[in-house]
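Okay, protein28.cif is below, mmCIF, N, CA and C atoms:
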```cif
data_structure
loop_
_atom_site.group_PDB
_atom_site.id
_atom_site.type_symbol
_atom_site.label_atom_id
_atom_site.label_comp_id
_atom_site.auth_asym_id
_atom_site.auth_seq_id
_atom_site.Cartn_x
_atom_site.Cartn_y
_atom_site.Cartn_z
ATOM 1 N N MET A 1 -53.187 -35.242 -97.871
ATOM 2 C CA MET A 1 -52.482 -33.979 -97.825
ATOM 3 C C MET A 1 -52.626 -33.327 -96.444
ATOM 4 N N GLU A 2 -53.841 -33.282 -95.902
ATOM 5 C CA GLU A 2 -54.035 -32.664 -94.594
ATOM 6 C C GLU A 2 -53.302 -33.446 -93.511
ATOM 7 N N ALA A 3 -53.268 -34.764 -93.643
ATOM 8 C CA ALA A 3 -52.560 -35.586 -92.652
ATOM 9 C C ALA A 3 -51.083 -35.236 -92.635
ATOM 10 N N GLN A 4 -50.489 -34.994 -93.788
ATOM 11 C CA GLN A 4 -49.075 -34.616 -93.843
ATOM 12 C C GLN A 4 -48.850 -33.254 -93.204
ATOM 13 N N LEU A 5 -49.797 -32.342 -93.354
ATOM 14 C CA LEU A 5 -49.715 -31.036 -92.699
ATOM 15 C C LEU A 5 -49.745 -31.209 -91.187
ATOM 16 N N VAL A 6 -50.636 -32.073 -90.706
ATOM 17 C CA VAL A 6 -50.741 -32.328 -89.271
ATOM 18 C C VAL A 6 -49.446 -32.939 -88.743
ATOM 19 N N VAL A 7 -48.901 -33.903 -89.468
ATOM 20 C CA VAL A 7 -47.632 -34.522 -89.057
ATOM 21 C C VAL A 7 -46.541 -33.463 -88.983
ATOM 22 N N GLY A 8 -46.434 -32.615 -89.996
ATOM 23 C CA GLY A 8 -45.423 -31.554 -89.997
ATOM 24 C C GLY A 8 -45.607 -30.574 -88.854
ATOM 25 N N LEU A 9 -46.843 -30.201 -88.584
ATOM 26 C CA LEU A 9 -47.140 -29.281 -87.484
ATOM 27 C C LEU A 9 -46.725 -29.883 -86.147
ATOM 28 N N LEU A 10 -47.062 -31.141 -85.933
ATOM 29 C CA LEU A 10 -46.717 -31.791 -84.666
ATOM 30 C C LEU A 10 -45.218 -32.024 -84.552
ATOM 31 N N GLU A 11 -44.574 -32.434 -85.643
ATOM 32 C CA GLU A 11 -43.118 -32.608 -85.613
ATOM 33 C C GLU A 11 -42.425 -31.283 -85.329
ATOM 34 N N GLY A 12 -42.921 -30.211 -85.939
ATOM 35 C CA GLY A 12 -42.345 -28.888 -85.713
ATOM 36 C C GLY A 12 -42.494 -28.419 -84.281
ATOM 37 N N SER A 13 -43.424 -29.014 -83.568
ATOM 38 C CA SER A 13 -43.642 -28.689 -82.158
ATOM 39 C C SER A 13 -42.892 -29.639 -81.236
ATOM 40 N N GLY A 14 -42.068 -30.516 -81.815
ATOM 41 C CA GLY A 14 -41.244 -31.409 -81.006
ATOM 42 C C GLY A 14 -41.878 -32.749 -80.668
ATOM 43 N N LEU A 15 -43.051 -33.046 -81.245
ATOM 44 C CA LEU A 15 -43.707 -34.318 -80.972
ATOM 45 C C LEU A 15 -43.278 -35.362 -82.006
ATOM 46 N N LYS A 16 -43.702 -36.601 -81.814
ATOM 47 C CA LYS A 16 -43.298 -37.696 -82.685
ATOM 48 C C LYS A 16 -44.518 -38.399 -83.287
ATOM 49 N N PRO A 17 -45.214 -37.721 -84.227
ATOM 50 C CA PRO A 17 -46.388 -38.336 -84.846
ATOM 51 C C PRO A 17 -46.004 -39.299 -85.974
ATOM 52 N N LEU A 18 -46.937 -40.181 -86.309
ATOM 53 C CA LEU A 18 -46.786 -41.086 -87.451
ATOM 54 C C LEU A 18 -48.107 -41.161 -88.189
ATOM 55 N N LEU A 19 -48.044 -41.277 -89.522
ATOM 56 C CA LEU A 19 -49.244 -41.641 -90.253
ATOM 57 C C LEU A 19 -49.528 -43.083 -89.892
ATOM 58 N N LEU A 20 -50.777 -43.414 -89.689
ATOM 59 C CA LEU A 20 -51.142 -44.746 -89.214
ATOM 60 C C LEU A 20 -50.694 -45.834 -90.191
ATOM 61 N N ASP A 21 -49.975 -46.803 -89.657
ATOM 62 C CA ASP A 21 -49.544 -47.980 -90.406
ATOM 63 C C ASP A 21 -49.230 -49.074 -89.397
ATOM 64 N N ALA A 22 -48.585 -50.111 -89.799
ATOM 65 C CA ALA A 22 -48.297 -51.231 -88.897
ATOM 66 C C ALA A 22 -47.496 -50.791 -87.677
ATOM 67 N N GLU A 23 -46.580 -49.838 -87.837
ATOM 68 C CA GLU A 23 -45.776 -49.365 -86.716
ATOM 69 C C GLU A 23 -46.620 -48.664 -85.666
ATOM 70 N N ALA A 24 -47.735 -48.077 -86.079
ATOM 71 C CA ALA A 24 -48.563 -47.315 -85.150
ATOM 72 C C ALA A 24 -49.306 -48.202 -84.166
ATOM 73 N N ASN A 25 -49.292 -49.500 -84.365
ATOM 74 C CA ASN A 25 -49.965 -50.387 -83.419
ATOM 75 C C ASN A 25 -49.399 -50.250 -82.014
ATOM 76 N N ARG A 26 -48.201 -49.723 -81.878
ATOM 77 C CA ARG A 26 -47.592 -49.554 -80.561
ATOM 78 C C ARG A 26 -47.821 -48.163 -79.992
ATOM 79 N N MET A 27 -48.513 -47.304 -80.729
ATOM 80 C CA MET A 27 -48.732 -45.937 -80.288
ATOM 81 C C MET A 27 -49.933 -45.888 -79.355
ATOM 82 N N GLY A 28 -50.107 -44.728 -78.709
ATOM 83 C CA GLY A 28 -51.174 -44.628 -77.729
ATOM 84 C C GLY A 28 -52.487 -44.073 -78.240
ATOM 85 N N TYR A 29 -52.472 -43.024 -79.033
ATOM 86 C CA TYR A 29 -53.697 -42.355 -79.452
ATOM 87 C C TYR A 29 -53.594 -41.950 -80.910
ATOM 88 N N THR A 30 -54.756 -41.739 -81.543
ATOM 89 C CA THR A 30 -54.777 -41.317 -82.939
ATOM 90 C C THR A 30 -55.685 -40.112 -83.116
ATOM 91 N N PHE A 31 -55.467 -39.392 -84.196
ATOM 92 C CA PHE A 31 -56.333 -38.315 -84.636
ATOM 93 C C PHE A 31 -56.879 -38.719 -85.988
ATOM 94 N N ALA A 32 -58.189 -38.802 -86.131
ATOM 95 C CA ALA A 32 -58.784 -39.143 -87.421
ATOM 96 C C ALA A 32 -58.916 -37.872 -88.247
ATOM 97 N N ILE A 33 -58.447 -37.926 -89.476
ATOM 98 C CA ILE A 33 -58.535 -36.799 -90.396
ATOM 99 C C ILE A 33 -59.125 -37.378 -91.669
ATOM 100 N N GLY A 34 -60.428 -37.287 -91.798
ATOM 101 C CA GLY A 34 -61.081 -37.975 -92.900
ATOM 102 C C GLY A 34 -60.874 -39.466 -92.690
ATOM 103 N N ASP A 35 -60.357 -40.135 -93.710
ATOM 104 C CA ASP A 35 -60.098 -41.569 -93.607
ATOM 105 C C ASP A 35 -58.661 -41.867 -93.203
ATOM 106 N N ILE A 36 -57.873 -40.847 -92.950
ATOM 107 C CA ILE A 36 -56.462 -41.023 -92.602
ATOM 108 C C ILE A 36 -56.288 -40.716 -91.127
ATOM 109 N N LYS A 37 -55.401 -41.465 -90.481
ATOM 110 C CA LYS A 37 -55.158 -41.247 -89.053
ATOM 111 C C LYS A 37 -53.700 -40.906 -88.810
ATOM 112 N N VAL A 38 -53.500 -40.043 -87.821
ATOM 113 C CA VAL A 38 -52.169 -39.668 -87.368
ATOM 114 C C VAL A 38 -52.065 -40.150 -85.928
ATOM 115 N N ALA A 39 -51.018 -40.920 -85.638
ATOM 116 C CA ALA A 39 -50.839 -41.472 -84.297
ATOM 117 C C ALA A 39 -49.733 -40.722 -83.564
ATOM 118 N N VAL A 40 -49.929 -40.564 -82.255
ATOM 119 C CA VAL A 40 -48.899 -40.004 -81.379
ATOM 120 C C VAL A 40 -48.798 -40.899 -80.147
ATOM 121 N N PRO A 41 -47.636 -40.927 -79.507
ATOM 122 C CA PRO A 41 -47.527 -41.685 -78.255
ATOM 123 C C PRO A 41 -48.525 -41.143 -77.224
ATOM 124 N N ALA A 42 -49.011 -42.023 -76.374
ATOM 125 C CA ALA A 42 -50.021 -41.637 -75.383
ATOM 126 C C ALA A 42 -49.575 -40.437 -74.544
ATOM 127 N N HIS A 43 -48.296 -40.382 -74.183
ATOM 128 C CA HIS A 43 -47.832 -39.281 -73.322
ATOM 129 C C HIS A 43 -47.792 -37.939 -74.061
ATOM 130 N N GLU A 44 -47.939 -37.940 -75.404
ATOM 131 C CA GLU A 44 -47.957 -36.696 -76.185
ATOM 132 C C GLU A 44 -49.365 -36.304 -76.615
ATOM 133 N N PHE A 45 -50.351 -37.107 -76.274
ATOM 134 C CA PHE A 45 -51.706 -36.891 -76.767
ATOM 135 C C PHE A 45 -52.261 -35.517 -76.405
ATOM 136 N N GLU A 46 -52.220 -35.143 -75.148
ATOM 137 C CA GLU A 46 -52.795 -33.860 -74.719
ATOM 138 C C GLU A 46 -52.093 -32.685 -75.388
ATOM 139 N N ASP A 47 -50.759 -32.754 -75.502
ATOM 140 C CA ASP A 47 -50.019 -31.688 -76.178
ATOM 141 C C ASP A 47 -50.413 -31.610 -77.649
ATOM 142 N N ALA A 48 -50.509 -32.757 -78.304
ATOM 143 C CA ALA A 48 -50.881 -32.782 -79.725
ATOM 144 C C ALA A 48 -52.273 -32.203 -79.931
ATOM 145 N N LEU A 49 -53.196 -32.590 -79.092
ATOM 146 C CA LEU A 49 -54.560 -32.083 -79.197
ATOM 147 C C LEU A 49 -54.590 -30.567 -79.033
ATOM 148 N N ALA A 50 -53.870 -30.044 -78.060
ATOM 149 C CA ALA A 50 -53.826 -28.599 -77.837
ATOM 150 C C ALA A 50 -53.206 -27.876 -79.032
ATOM 151 N N ILE A 51 -52.143 -28.424 -79.604
ATOM 152 C CA ILE A 51 -51.484 -27.825 -80.770
ATOM 153 C C ILE A 51 -52.444 -27.766 -81.952
ATOM 154 N N LEU A 52 -53.142 -28.866 -82.212
ATOM 155 C CA LEU A 52 -54.068 -28.912 -83.346
ATOM 156 C C LEU A 52 -55.255 -27.986 -83.149
ATOM 157 N N LYS A 53 -55.802 -27.934 -81.949
ATOM 158 C CA LYS A 53 -56.925 -27.033 -81.684
ATOM 159 C C LYS A 53 -56.505 -25.580 -81.846
ATOM 160 N N GLU A 54 -55.338 -25.239 -81.340
ATOM 161 C CA GLU A 54 -54.852 -23.861 -81.455
ATOM 162 C C GLU A 54 -54.618 -23.492 -82.916
ATOM 163 N N TYR A 55 -54.025 -24.379 -83.673
ATOM 164 C CA TYR A 55 -53.764 -24.124 -85.101
ATOM 165 C C TYR A 55 -55.074 -23.931 -85.860
ATOM 166 N N ARG A 56 -56.022 -24.821 -85.661
ATOM 167 C CA ARG A 56 -57.295 -24.715 -86.376
ATOM 168 C C ARG A 56 -58.034 -23.437 -85.975
ATOM 169 N N GLY A 57 -57.964 -23.058 -84.713
ATOM 170 C CA GLY A 57 -58.599 -21.822 -84.274
ATOM 171 C C GLY A 57 -57.995 -20.603 -84.950
ATOM 172 N N ARG A 58 -56.664 -20.573 -85.091
ATOM 173 C CA ARG A 58 -55.999 -19.457 -85.777
ATOM 174 C C ARG A 58 -56.392 -19.378 -87.243
ATOM 175 N N GLN A 59 -56.730 -20.518 -87.831
ATOM 176 C CA GLN A 59 -57.118 -20.560 -89.241
ATOM 177 C C GLN A 59 -58.596 -20.246 -89.439
ATOM 178 N N GLY A 60 -59.323 -19.994 -88.355
ATOM 179 C CA GLY A 60 -60.748 -19.723 -88.439
ATOM 180 C C GLY A 60 -61.564 -20.982 -88.711
ATOM 181 N N LEU A 61 -60.998 -22.130 -88.386
ATOM 182 C CA LEU A 61 -61.663 -23.416 -88.618
ATOM 183 C C LEU A 61 -62.206 -23.974 -87.309
ATOM 184 N N ASP A 62 -63.065 -24.957 -87.418
ATOM 185 C CA ASP A 62 -63.622 -25.624 -86.240
ATOM 186 C C ASP A 62 -62.488 -26.305 -85.472
ATOM 187 N N SER A 63 -62.217 -25.841 -84.268
ATOM 188 C CA SER A 63 -61.104 -26.391 -83.493
ATOM 189 C C SER A 63 -61.382 -27.797 -82.985
ATOM 190 N N ASN A 64 -62.610 -28.279 -83.115
ATOM 191 C CA ASN A 64 -62.959 -29.622 -82.669
ATOM 192 C C ASN A 64 -63.041 -30.625 -83.812
ATOM 193 N N TYR A 65 -62.568 -30.234 -85.005
ATOM 194 C CA TYR A 65 -62.591 -31.117 -86.176
ATOM 195 C C TYR A 65 -61.725 -32.344 -85.935
ATOM 196 N N GLY A 66 -62.128 -33.466 -86.492
ATOM 197 C CA GLY A 66 -61.382 -34.706 -86.303
ATOM 198 C C GLY A 66 -61.985 -35.468 -85.127
ATOM 199 N N SER A 67 -61.414 -36.605 -84.857
ATOM 200 C CA SER A 67 -61.957 -37.397 -83.759
ATOM 201 C C SER A 67 -60.833 -38.089 -83.007
ATOM 202 N N PRO A 68 -60.178 -37.363 -82.097
ATOM 203 C CA PRO A 68 -59.127 -37.993 -81.292
ATOM 204 C C PRO A 68 -59.708 -39.148 -80.477
ATOM 205 N N SER A 69 -59.019 -40.250 -80.472
ATOM 206 C CA SER A 69 -59.531 -41.406 -79.749
ATOM 207 C C SER A 69 -58.406 -42.339 -79.345
ATOM 208 N N PRO A 70 -58.655 -43.154 -78.314
ATOM 209 C CA PRO A 70 -57.650 -44.165 -77.920
ATOM 210 C C PRO A 70 -57.438 -45.135 -79.054
ATOM 211 N N PHE A 71 -56.246 -45.635 -79.145
ATOM 212 C CA PHE A 71 -55.894 -46.580 -80.190
ATOM 213 C C PHE A 71 -55.326 -47.834 -79.560
ATOM 214 N N GLY A 72 -55.657 -48.952 -80.137
ATOM 215 C CA GLY A 72 -55.026 -50.186 -79.700
ATOM 216 C C GLY A 72 -55.938 -51.142 -79.024
#
```
Could you show the structure in this file as structure tokens?
Amino acid sequence: MEAQLVVGLLEGSGLKPLLLDAEANRMGYTFAIGDIKVAVPAHEFEDALAILKEYRGRQGLDSNYGSPSPFG
């Protein structure tokens, strides 16, 4: 459920995220959300990270939650 929220948030910001699957093998970076990962192209990574940190901060949550990391 949270992964779908993250995908919607990033899509609403003009990015092109995917829930991790076989297609994501060509993506650049991922965000771990529990056991589910959301992938974004490498050139969108910094923007995605900033969007997620800002959103979590507005919600009063730990803005460093998750574990963004290189993929591939």
query: How far is it from CA of Val7 (chain A) to CA of Ala48 (chain A), in Å with one decimal?
result: 10.0 Å
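The two atoms in question, CA of Val38 (chain A) and CA of Leu9 (chain A), are spaced 11.5 Å apart.
Nearest residue to Pro41 (chain A) among A:Leu18, A:Glu11, A:Leu5, A:Leu61 is A:Leu18, counting only C-alpha atoms.
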message: Between CA of Pro17 (chain A) and CA of Ala3 (chain A), what distance in Å does the model show, to one decimal?
response: 10.3 Å
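Counting only N, CA and C atoms, Leu10 (chain A) has the following residues at most 8 Å away, ignoring those fewer than 6 positions along the same chain: Gln4, Lys16, Pro17, Asp47, Ala48, Ile51 and Leu52 of chain A.
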Written selection (N, CA and C atoms) as a compact mmCIF listing (two decimals), in the frame of the given file:
```txt
# COMPACT_ATOMS: atom_id res chain seq x y z
N GLN A 4 -50.49 -34.99 -93.79
CA GLN A 4 -49.08 -34.62 -93.84
C GLN A 4 -48.85 -33.25 -93.20
N LYS A 16 -43.70 -36.60 -81.81
CA LYS A 16 -43.30 -37.70 -82.68
C LYS A 16 -44.52 -38.40 -83.29
N PRO A 17 -45.21 -37.72 -84.23
CA PRO A 17 -46.39 -38.34 -84.85
C PRO A 17 -46.00 -39.30 -85.97
N ASP A 47 -50.76 -32.75 -75.50
CA ASP A 47 -50.02 -31.69 -76.18
C ASP A 47 -50.41 -31.61 -77.65
N ALA A 48 -50.51 -32.76 -78.30
CA ALA A 48 -50.88 -32.78 -79.72
C ALA A 48 -52.27 -32.20 -79.93
N ILE A 51 -52.14 -28.42 -79.60
CA ILE A 51 -51.48 -27.82 -80.77
C ILE A 51 -52.44 -27.77 -81.95
N LEU A 52 -53.14 -28.87 -82.21
CA LEU A 52 -54.07 -28.91 -83.35
C LEU A 52 -55.26 -27.99 -83.15
```
Please determine an axis-aligned box that encloses all atoms of region 6-22 of chain A listed in the file, with 8 Å added on each side, and express its centre and edge lengths in Å to one decimal as lines of an AutoDock Vina configuration file.
```
center_x = -46.2
center_y = -39.8
center_z = -85.7
size_x = 25.9
size_y = 38.8
size_z = 26.0
```
